[in-house]
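Undergrad: Sending over a structure as structure tokens; questions will come in a sec.
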Amino acid sequence: MYALYTAVLAAAVGGYAPVAVTRRLAGGVPLNLRERLALGRHDPPARPCGWIHAVSVGEAIAATPVLEALRRTWPTLPLVVSTVTETGARVVRERFAGLARHRYFPLDFPGAVRRAIASIQPAFFLCMETELWPNALRALAARGVPSMIANGRLSDRSFSHYRLVRGAMRRVLADVTVFAMQSDEDARRMIALGAPAERVVVAGNLKHDALPDPTGAADLWRRLLGLSSGQPVWIAGSTHRGEDEAVLEAHRRARVERPGIVLVLAPRHPERVGEVLALAAKNGFTTVRRSDLPIRTRDGVPIIVLDTVGELAQMYSIADVVFVGGSLVPLGGHNLLEPALRGKPVLFGPHTSNFREAATILTTSGGGLVVRDAEELAAELRRLLGNPGLRAQLGAAAREAAASRHGATRVTLDLVARYLYSEPTAAP
């Protein structure tokens, strides 16, 4: 099975190579090939470390309370955080400087995995959400390194795909020491794929445990964006192609009643920034990149297009209303909890399978509202902007609903202590 998987992976990597090279030459997107093959030189750690894998930005941010808890509990334990994407790497280097070292996760070839493990020297491996790399998990198990799937979830799409190879999945899952799943449904799905039931625990969603913003964050962001005190702002976060048009139309309608309103439009993928700027200009809007701020424009109130990484969550603190993308188009939605925990009314589309539990508790509490198209988005936006009392009521309900599920970090750390790591005892 592993030989076949490795051959298929090699074919996939070979097929993708021309695309990667083109992106490197045209857009400067780094390949990080030496490190992905674990050929780069790294100073060996003084002692075995905790290895946390977070594929990209969202997983890295979600891992923050776990990293902080690991440091408090075992202050001498070195920590390494690996990512796949360059944007994830940037967030790790900026947010976890002095707390953890960054490495790129190796391509899942046996040789690359063995070299990575030898250079990292992990005491344990903690993988955020559900990144299942068969050769990596097999090599870790062979070396006696315990592993955990933390904040685990299985979307409808992932579950249906994994079920097609359930026999192979059983062998892969046998190499995982413990599964800390977000919900009962995620736990049931993992067991259905072949994970031993006694190793599967419902720990909750770590995104409910996001650390609070620094004091004065909202005022700081207003200064950084060049916004005046009290200026109305709404944010459309993590949008995809097919949603930006709806957002722009909603903004156009909102400006009729509130001409001073500012829209912060944050495409999910930074490489789409140019496309979004062009679309806004085509529709007659003045735009400015976040990286060019703070500036004052003479051409009316701009749309701020977020072209930076790792800032969106804190930026929600300045919003009067938030729309979370990936939900008007059938992509499963993105993190609804970030604006909810900051006490903001949250609008989202009907496609929220990636955050099904969060969508349910927000709609049940009244802190989240489902909009199905541009017209409904515009109507709810105008209704909320015109009613400060209603905004405050929905924002408070959203915060209370999101905070009610707090505690996943404690459960996850308990599982680390029980199954993965205990502080070595000094020799007498």
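For the structure tokens, the naming scheme is as follows: chains receive sequential letters (A, B, ...) according to their order of presentation, residues are indexed from 1 within each chain, and ligands are indexed from 1 in presentation order.
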Name all residues at most 12 Å from Glu338 (chain A) (count only C-alpha atoms; drop same-chain ones fewer than 6 positions away) and give them as number ranges by chain.
TA: A: 58, 61-62, 206-213, 237-238, 311-317, 319, 322-324, 344-346, 355, 358, 398-399, 402-403
Undergrad: Would you work out the distance separating CA of Glu249 (chain A) from CA of Asn283 (chain A), expressed in Å to one decimal?
TA: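 The value is 8.9 Å.
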Undergrad: Show which residues sit within 7 Å of region 405-416 of chain A, as a PyMOL selection string. Count only C-alpha atoms, and ignore same-chain residues fewer than 4 positions away.
TA: chain A and resi 65-66+180+203-206+208-209+420-421
Undergrad: Between CA of Asn335 (chain A) and CA of Val264 (chain A), what distance in Å does the model show, to one decimal?
TA: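 CA of Val264 (chain A) lies 16.6 Å from CA of Asn335 (chain A).
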Undergrad: Which of these residues is nearest to Ala254 (chain A), using only C-alpha atoms: A:Leu4, A:Val91, A:Val233, A:Ala100?
TA: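 Residue with the minimum atom-to-atom distance to Ala254 (chain A): A:Val233.
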